[in-house]
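Q: File follows, coords.cif with mmCIF, C-alpha atoms and all ligand atoms:
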```
data_my_file
#
loop_
_atom_site.label_atom_id
_atom_site.label_comp_id
_atom_site.auth_asym_id
_atom_site.auth_seq_id
_atom_site.Cartn_x
_atom_site.Cartn_y
_atom_site.Cartn_z
CA MET N 67 85.85 -126.03 191.25
CA GLU N 68 86.84 -126.94 187.71
CA ILE N 69 84.95 -124.47 185.54
CA GLN N 70 85.59 -126.54 182.41
CA ASP N 71 83.82 -129.53 183.94
CA GLN N 72 80.59 -127.64 184.35
CA MET N 73 77.80 -128.12 181.93
CA ILE N 74 77.45 -125.39 179.38
CA VAL N 75 73.93 -124.13 179.21
CA GLY N 76 72.51 -124.92 175.84
CA GLU N 77 74.17 -128.32 175.64
CA GLU N 78 70.72 -129.71 175.17
CA GLY N 79 69.62 -127.01 172.84
CA ILE N 80 67.79 -124.77 175.29
CA VAL N 81 69.33 -121.51 174.23
CA ILE N 82 67.83 -120.65 170.88
CA LYS N 83 69.16 -117.69 168.90
CA ASP N 84 68.79 -116.06 165.49
CA LEU N 85 71.55 -117.29 163.21
CA TYR N 86 72.71 -113.79 162.26
CA TYR N 87 72.98 -112.84 165.97
CA VAL N 88 75.25 -115.82 166.63
CA LEU N 89 77.51 -114.74 163.77
CA MET N 90 77.61 -111.20 165.14
CA LYS N 91 78.55 -112.49 168.57
CA CYS N 92 81.34 -114.53 166.94
CA GLY N 93 82.79 -111.38 165.41
CA TYR N 94 81.64 -111.62 161.79
CA GLY N 95 80.54 -107.98 161.69
CA ASN N 96 77.42 -105.96 162.36
CA ALA N 97 73.85 -107.17 161.88
CA ARG N 98 73.67 -106.11 158.21
CA LYS N 99 76.94 -107.79 157.32
CA CYS N 100 75.99 -111.03 159.06
CA LYS N 101 72.55 -111.08 157.44
CA ASN N 102 74.20 -110.62 154.04
CA LEU N 103 76.65 -113.46 154.65
CA ILE N 104 73.70 -115.72 155.32
CA LYS N 105 71.67 -114.51 152.33
CA LYS N 106 74.69 -115.07 150.08
CA LYS N 107 74.70 -118.75 151.08
CA MET N 108 77.94 -118.57 152.98
CA VAL N 109 76.67 -120.25 156.12
CA LEU N 110 76.00 -123.94 156.63
CA VAL N 111 73.94 -125.24 159.53
CA ASN N 112 74.12 -128.99 160.00
CA HIS N 113 75.50 -129.32 156.43
CA MET N 114 72.67 -127.32 154.83
CA TYR N 115 72.94 -123.83 153.40
CA ILE N 116 70.64 -121.52 155.32
CA VAL N 117 69.53 -118.26 153.71
CA ASP N 118 67.19 -116.99 156.44
CA PRO N 119 69.09 -114.73 158.87
CA LEU N 120 66.40 -115.38 161.50
CA TYR N 121 66.86 -119.15 161.29
CA GLN N 122 66.85 -120.46 164.88
CA VAL N 123 69.98 -122.20 166.09
CA SER N 124 71.16 -123.62 169.39
CA TYR N 125 74.27 -125.04 171.00
CA ASP N 126 73.58 -128.39 169.33
CA ASP N 127 73.80 -127.05 165.78
CA HIS N 128 76.93 -127.37 163.72
CA ILE N 129 77.51 -124.00 162.09
CA ILE N 130 80.19 -123.46 159.44
CA ILE N 131 81.21 -120.24 157.76
CA ASN N 132 84.12 -119.97 155.32
CA GLN N 133 84.99 -123.59 156.11
CA GLN N 134 85.41 -122.70 159.76
CA ASN N 135 83.43 -124.27 162.59
CA ILE N 136 81.76 -121.79 164.87
CA ARG N 137 82.11 -122.12 168.62
CA TRP N 138 78.85 -121.38 170.47
CA PRO N 139 79.47 -117.87 171.79
CA PHE N 140 77.07 -117.44 174.75
CA VAL N 141 77.99 -118.02 178.38
CA TYR N 142 75.83 -117.86 181.53
CA TYR N 143 77.65 -117.97 184.85
CA MET N 144 76.81 -117.92 188.53
CA LEU N 145 79.46 -116.18 190.64
CA ASN N 146 79.74 -116.09 194.42
CA LYS N 147 80.73 -112.44 194.67
CA PRO N 148 83.39 -111.67 197.25
CA LYS N 149 83.55 -108.45 199.28
CA ARG N 150 85.68 -105.56 197.98
CA TYR N 151 84.79 -106.29 194.35
CA ILE N 152 82.52 -103.95 192.47
CA CYS N 153 79.95 -104.86 189.84
CA ALA N 154 81.53 -103.13 186.88
CA ASN N 155 83.80 -103.93 183.96
CA TYR N 156 86.41 -101.34 184.89
CA ASP N 157 87.25 -99.22 187.93
CA LYS N 158 90.27 -97.10 188.76
CA GLN N 159 90.28 -97.96 192.44
CA TRP N 160 88.67 -101.34 193.10
CA PRO N 161 88.88 -104.78 191.52
CA CYS N 162 85.85 -105.66 189.39
CA VAL N 163 83.88 -108.89 189.44
CA ILE N 164 84.45 -109.25 185.72
CA ASP N 165 88.19 -109.66 186.46
CA LEU N 166 87.27 -112.96 188.12
CA ILE N 167 85.79 -114.34 184.89
CA GLN N 168 87.99 -115.86 182.20
CA GLU N 169 85.60 -115.08 179.36
CA LYS N 170 85.81 -111.64 177.75
CA ASP N 171 82.89 -109.24 177.12
CA CYS N 172 80.72 -110.37 180.02
CA TYR N 173 78.32 -108.23 182.04
CA CYS N 174 76.77 -108.47 185.50
CA LEU N 175 73.07 -109.16 185.56
CA GLY N 176 72.23 -106.43 188.08
CA ARG N 177 74.48 -105.03 190.77
CA LEU N 178 75.53 -105.76 194.31
CA ASP N 179 77.27 -103.28 196.59
CA LYS N 180 81.01 -103.56 197.10
CA ASP N 181 80.56 -105.09 200.56
CA THR N 182 77.73 -107.46 199.53
CA THR N 183 78.56 -111.09 198.82
CA GLY N 184 76.67 -113.89 197.12
CA LEU N 185 74.84 -114.74 193.95
CA LEU N 186 75.59 -112.70 190.87
CA LEU N 187 74.70 -113.85 187.37
CA ILE N 188 77.13 -112.97 184.62
CA THR N 189 76.61 -113.35 180.90
CA ASN N 190 77.68 -112.07 177.51
CA ASP N 191 74.09 -112.40 176.25
CA VAL N 192 73.10 -108.74 176.22
CA ASN N 193 69.55 -109.44 175.04
CA LEU N 194 68.82 -111.74 177.93
CA SER N 195 70.30 -109.39 180.50
CA LYS N 196 68.35 -106.41 179.14
CA LYS N 197 65.09 -108.34 179.35
CA LEU N 198 65.74 -109.69 182.83
CA LEU N 199 66.62 -106.29 184.22
CA LEU N 200 63.46 -104.56 183.03
CA PRO N 201 61.80 -103.24 186.23
CA GLN N 202 58.39 -104.50 185.05
CA ASN N 203 59.70 -108.06 185.18
CA HIS N 204 59.86 -107.88 189.01
CA VAL N 205 62.56 -110.52 189.28
CA LEU N 206 62.65 -111.85 192.86
CA LYS N 207 65.87 -111.55 194.86
CA THR N 208 66.53 -112.99 198.30
CA TYR N 209 69.20 -111.76 200.71
CA PHE N 210 70.54 -113.17 203.94
CA VAL N 211 70.84 -110.20 206.25
CA THR N 212 72.76 -109.72 209.49
CA VAL N 213 71.74 -106.68 211.53
CA ASP N 214 73.15 -104.87 214.54
CA SER N 215 70.24 -105.16 216.98
CA VAL N 216 67.51 -107.62 217.88
CA LEU N 217 64.93 -108.13 215.10
CA LYS N 218 61.31 -107.49 216.13
CA GLU N 219 58.47 -109.71 214.90
CA SER N 220 56.55 -106.56 213.91
CA LEU N 221 59.07 -105.99 211.10
CA ILE N 222 57.47 -108.81 209.12
CA GLU N 223 54.25 -106.82 208.81
CA ASP N 224 56.13 -103.55 208.16
CA PHE N 225 58.03 -105.12 205.26
CA LEU N 226 54.84 -106.65 203.85
CA SER N 227 53.08 -103.26 203.90
CA GLY N 228 55.98 -101.51 202.15
CA ILE N 229 58.83 -99.63 203.82
CA MET N 230 59.41 -95.94 203.11
CA ILE N 231 62.98 -95.09 202.10
CA ASP N 232 64.71 -91.82 201.15
CA PHE N 233 61.88 -89.97 203.01
CA SER N 234 59.29 -90.34 200.25
CA ILE N 235 59.80 -93.56 198.26
CA LYS N 236 57.54 -96.44 199.21
CA CYS N 237 59.05 -99.84 198.47
CA GLN N 238 56.94 -102.67 197.20
CA SER N 239 55.82 -105.35 199.58
CA ALA N 240 58.74 -107.54 200.72
CA ARG N 241 58.88 -110.84 202.57
CA LEU N 242 60.89 -111.05 205.76
CA GLU N 243 61.75 -114.36 207.41
CA ILE N 244 63.40 -114.01 210.79
CA ILE N 245 65.95 -116.74 211.50
CA ASP N 246 67.19 -115.59 214.91
CA SER N 247 67.71 -112.34 216.82
CA PHE N 248 70.21 -110.87 214.33
CA HIS N 249 69.61 -112.80 211.09
CA CYS N 250 66.83 -112.89 208.55
CA TYR N 251 66.05 -113.47 204.88
CA VAL N 252 64.40 -110.70 202.90
CA THR N 253 62.87 -111.20 199.44
CA LEU N 254 62.29 -108.22 197.16
CA SER N 255 60.77 -107.85 193.73
CA GLU N 256 62.59 -104.64 192.88
CA GLY N 257 66.17 -103.41 192.99
CA LYS N 258 66.59 -99.83 194.11
CA TYR N 259 70.03 -98.50 194.98
CA HIS N 260 71.15 -99.83 198.42
CA GLN N 261 67.57 -100.94 198.90
CA VAL N 262 68.00 -103.57 201.61
CA LYS N 263 70.28 -101.37 203.69
CA LYS N 264 67.92 -98.42 203.35
CA MET N 265 64.86 -100.49 204.27
CA PHE N 266 66.47 -101.68 207.47
CA LEU N 267 67.82 -98.22 208.23
CA SER N 268 64.29 -96.83 207.98
CA CYS N 269 63.34 -99.30 210.70
CA GLY N 270 66.30 -98.36 212.92
CA TYR N 271 68.74 -101.17 212.01
CA HIS N 272 72.17 -101.21 210.43
CA VAL N 273 72.92 -104.04 208.03
CA ILE N 274 76.31 -105.41 208.95
CA GLU N 275 76.46 -108.33 206.49
CA LEU N 276 74.51 -108.81 203.27
CA LYS N 277 74.59 -111.88 201.05
CA ARG N 278 72.35 -112.59 198.07
CA THR N 279 71.20 -116.19 198.15
CA ASN N 280 68.66 -116.29 195.32
CA PHE N 281 67.97 -114.45 192.07
CA ALA N 282 65.05 -115.27 189.77
CA ASN N 283 64.45 -118.57 191.60
CA ILE N 284 68.07 -119.60 191.12
CA SER N 285 69.84 -120.36 194.40
CA LEU N 286 73.47 -119.70 195.12
CA ASP N 287 75.44 -122.94 194.87
CA GLU N 288 76.85 -123.19 198.37
CA GLN N 289 79.75 -125.27 196.98
CA LEU N 290 81.08 -122.14 195.33
CA LYS N 291 83.56 -120.34 197.52
CA GLU N 292 83.63 -116.55 197.33
CA GLY N 293 85.27 -115.58 194.03
CA GLU N 294 84.40 -118.89 192.32
CA TYR N 295 81.95 -119.28 189.47
CA ARG N 296 80.43 -121.92 187.27
CA SER N 297 78.12 -122.18 184.28
CA LEU N 298 74.41 -122.34 184.98
CA THR N 299 72.94 -125.80 184.74
CA LYS N 300 70.22 -126.61 182.25
CA ASP N 301 67.55 -126.40 184.99
CA GLU N 302 68.82 -123.07 186.27
CA PHE N 303 68.88 -121.56 182.83
CA GLN N 304 65.42 -122.92 182.15
CA LYS N 305 64.18 -120.87 185.13
CA LEU N 306 65.37 -117.67 183.47
CA GLU N 307 63.81 -118.66 180.16
CA ASN N 308 60.52 -119.59 181.84
CA LEU N 309 60.41 -116.30 183.64
CA LEU N 310 60.78 -114.35 180.40
CA PHE N 311 58.37 -116.59 178.55
CA HIS N 312 55.70 -116.14 181.23
CA LYS N 313 56.20 -112.38 181.23
CA ARG N 314 55.87 -112.24 177.43
CA LYS N 315 52.60 -114.11 177.69
CA GLY N 316 51.48 -111.79 180.49
CA LEU N 317 51.11 -114.71 182.93
N1 LIG W 1 70.48 -103.94 198.65
C1 LIG W 1 71.57 -103.33 199.19
O1 LIG W 1 71.45 -102.50 200.05
N2 LIG W 1 72.78 -103.71 198.71
C2 LIG W 1 72.96 -104.66 197.76
O2 LIG W 1 74.10 -104.96 197.40
C3 LIG W 1 71.82 -105.27 197.22
C4 LIG W 1 70.59 -104.90 197.69
#
```
Let me see the file written as structure tokens.

A:
Amino acid sequence: MEIQDQMIVGEEGIVIKDLYYVLMKCGYGNARKCKNLIKKKMVLVNHMYIVDPLYQVSYDDHIIINQQNIRWPFVYYMLNKPKRYICANYDKQWPCVIDLIQEKDCYCLGRLDKDTTGLLLITNDVNLSKKLLLPQNHVLKTYFVTVDSVLKESLIEDFLSGIMIDFSIKCQSARLEIIDSFHCYVTLSEGKYHQVKKMFLSCGYHVIELKRTNFANISLDEQLKEGEYRSLTKDEFQKLENLLFHKRKGL
């Protein structure tokens, strides 16, 4: 897949940011320095001097500072995580998913185990990732699970009622959809360490393959081979924005 051919989220002005934050992200210094640059009339947006550091800008806007055009600095990617890669920026022993991304300074939006494959969102937008990872946001995640013995129908009810893991921790209600004897989808609204594996273990099953297929209503693009990534589309990004907007409004 040609990464460059993918649409950059924000092309249609969805991603809206404070002007000073965009300058910071472009390397013009810390918040105070960037706010001062703006107040001193050193920044043009669409050929007009802007003096409000909180002025809202998007991908569409033409920003100039010191006669230099600014390149929109935020990226939002979907990666199909391969096995044997860990969700970190650096590790002594194992390759990291961030090594698969050309862009610098990116972070994983949440974590998958080393042997888990599938959908992982990656961004350099720290604010967005912080908000999305707040436990109270209950972002839904769906996994395709392969287990080692025949799945019982009664598991559906057990998962709905809340499985106990680590002897005393009760998980929130989860949805289980059995596909065949050894395969199912499970949807969770929380993300405890090794949660899916532990939930199945509590019920007497070993997870032998785990693949995340959906995160925050965004589905893994099945065209992406393991290790490939692309920018989120406008619609996909809008799902993240909607989720945060609804949470802010307490909906
Ligand atoms: N649950 C797990 O057990 N592992 C993952 O990678 C994600 C969820």

Q: Of the candidates N:Thr208, N:Gln261, N:Thr182, N:Asn96, which one gets nearest to Ile235 in chain N if we count all atoms listed in the file?

A: N:Gln261

Q: Find the residue from N:Leu298, N:Ile136, N:Leu276, N:Leu145 that sits nearest to ligand LIG 1 (chain W); use only C-alpha atoms and all ligand atoms when measuring.

A: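 Of the candidates, the smallest distance to ligand LIG 1 (chain W) is held by N:Leu276.
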
Q: Would you mind telling me which residue in N:Gln168, N:Thr183, N:Ser255, N:Ser215 lies nearest to Leu200 in chain N when using all atoms listed in the file?

A: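 So, comparing all the options, the nearest one is N:Ser255.
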
Q: Considering all atoms listed in the file, can you say which of N:Lys180, N:Asp171, N:Ile284, N:Lys300 comes closest to Asp157 in chain N?

A: N:Lys180

Q: Using only C-alpha atoms and all ligand atoms, which residues have at least one atom no more than 12 Å from ligand LIG 1 (chain W)? Output them as a ChimeraX atom specification.

A: /N:147-153,176-186,206-212,231,252-267,272-281

Q: Within 6 Å of Tyr142 in chain N, counting all atoms listed in the file, which residues show up once you throw out same-chain ones fewer than 2 positions away? Write them as a list in words, please.

A: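 These residues fall inside the cut-off: Ile188, Thr189, Ser297 and Leu298 of chain N.
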
Q: For those residues, write C-alpha atoms to a file as a CSV table (one decimal), in the coordinates of the input.

A:
```csv
chain,number,residue,atom,x,y,z
N,188,ILE,CA,77.1,-113.0,184.6
N,189,THR,CA,76.6,-113.4,180.9
N,297,SER,CA,78.1,-122.2,184.3
N,298,LEU,CA,74.4,-122.3,185.0
```

Q: So, counting all atoms listed in the file, which residue among N:Met108, N:Met144, N:Leu85, N:Leu194 is closest to Gln122 in chain N?

A: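 Closest to Gln122 in chain N, using all atoms listed in the file: N:Leu85.
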
Q: List as a PyMOL selection string: which residues have an atom within 7 Å of (61.6, -110.9, 184.1), counting all atoms listed in the file?

A: chain N and resi 197-200+203-205+309-310+313

Q: If you keep C-alpha atoms, can you produce a file of those selected residues as a compact mmCIF listing (two decimals), keeping the file's coordinate frame?

A:
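This went into again.txt:
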```
# COMPACT_ATOMS: atom_id res chain seq x y z
CA LYS N 197 65.09 -108.34 179.35
CA LEU N 198 65.74 -109.69 182.83
CA LEU N 199 66.62 -106.29 184.22
CA LEU N 200 63.46 -104.56 183.03
CA ASN N 203 59.70 -108.06 185.18
CA HIS N 204 59.86 -107.88 189.01
CA VAL N 205 62.56 -110.52 189.28
CA LEU N 309 60.41 -116.30 183.64
CA LEU N 310 60.78 -114.35 180.40
CA LYS N 313 56.20 -112.38 181.23
```

Q: CA of Glu169 in chain N and CA of Asn190 in chain N are how many Å apart?

A: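 Distance between the two atoms: 8.7 Å.
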
Q: What is the distance, in Å and to one decimal place, between CA of Phe248 in chain N and CA of Asp214 in chain N?

A: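 For CA of Phe248 in chain N relative to CA of Asp214 in chain N, the distance reads 6.7 Å.
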
Q: From the coordinates supplied, range 111-162 of chain N should be written with C-alpha atoms, as a CSV table (one decimal), in the first residue's frame.

A:
```
chain,number,residue,atom,x,y,z
N,111,VAL,CA,-2.8,32.6,8.9
N,112,ASN,CA,-4.4,32.8,5.4
N,113,HIS,CA,-2.5,36.1,4.8
N,114,MET,CA,-3.7,37.7,8.0
N,115,TYR,CA,-1.7,38.4,11.1
N,116,ILE,CA,-3.2,36.5,14.0
N,117,VAL,CA,-2.4,37.7,17.6
N,118,ASP,CA,-4.6,35.2,19.5
N,119,PRO,CA,-2.6,32.1,20.4
N,120,LEU,CA,-5.8,30.2,20.8
N,121,TYR,CA,-6.9,31.0,17.3
N,122,GLN,CA,-8.3,27.7,15.8
N,123,VAL,CA,-6.6,26.3,12.7
N,124,SER,CA,-6.9,23.2,10.7
N,125,TYR,CA,-5.1,21.4,7.9
N,126,ASP,CA,-6.7,23.7,5.3
N,127,ASP,CA,-5.2,26.9,6.7
N,128,HIS,CA,-2.1,28.4,5.2
N,129,ILE,CA,0.2,29.3,8.1
N,130,ILE,CA,3.4,31.3,7.7
N,131,ILE,CA,6.1,32.2,10.2
N,132,ASN,CA,9.3,34.0,9.4
N,133,GLN,CA,8.3,33.8,5.7
N,134,GLN,CA,8.2,30.0,6.0
N,135,ASN,CA,5.2,27.9,5.2
N,136,ILE,CA,4.2,25.5,8.0
N,137,ARG,CA,3.6,21.8,7.2
N,138,TRP,CA,0.6,20.5,9.1
N,139,PRO,CA,2.3,18.4,11.8
N,140,PHE,CA,-0.3,15.9,13.0
N,141,VAL,CA,-0.6,12.3,11.8
N,142,TYR,CA,-3.2,9.6,12.6
N,143,TYR,CA,-2.4,6.1,11.4
N,144,MET,CA,-3.9,2.7,11.5
N,145,LEU,CA,-1.4,-0.1,11.7
N,146,ASN,CA,-1.9,-3.8,11.3
N,147,LYS,CA,0.4,-4.9,14.1
N,148,PRO,CA,2.5,-8.0,13.3
N,149,LYS,CA,3.5,-10.6,16.0
N,150,ARG,CA,6.9,-10.2,17.7
N,151,TYR,CA,6.6,-6.4,17.8
N,152,ILE,CA,6.0,-4.6,21.0
N,153,CYS,CA,4.0,-1.5,21.6
N,154,ALA,CA,6.8,0.8,22.7
N,155,ASN,CA,9.1,3.4,21.2
N,156,TYR,CA,12.3,1.6,22.3
N,157,ASP,CA,13.2,-1.9,23.5
N,158,LYS,CA,16.6,-3.6,24.0
N,159,GLN,CA,15.4,-7.0,22.9
N,160,TRP,CA,12.4,-6.7,20.5
N,161,PRO,CA,11.5,-4.6,17.5
N,162,CYS,CA,9.0,-1.9,18.3
```
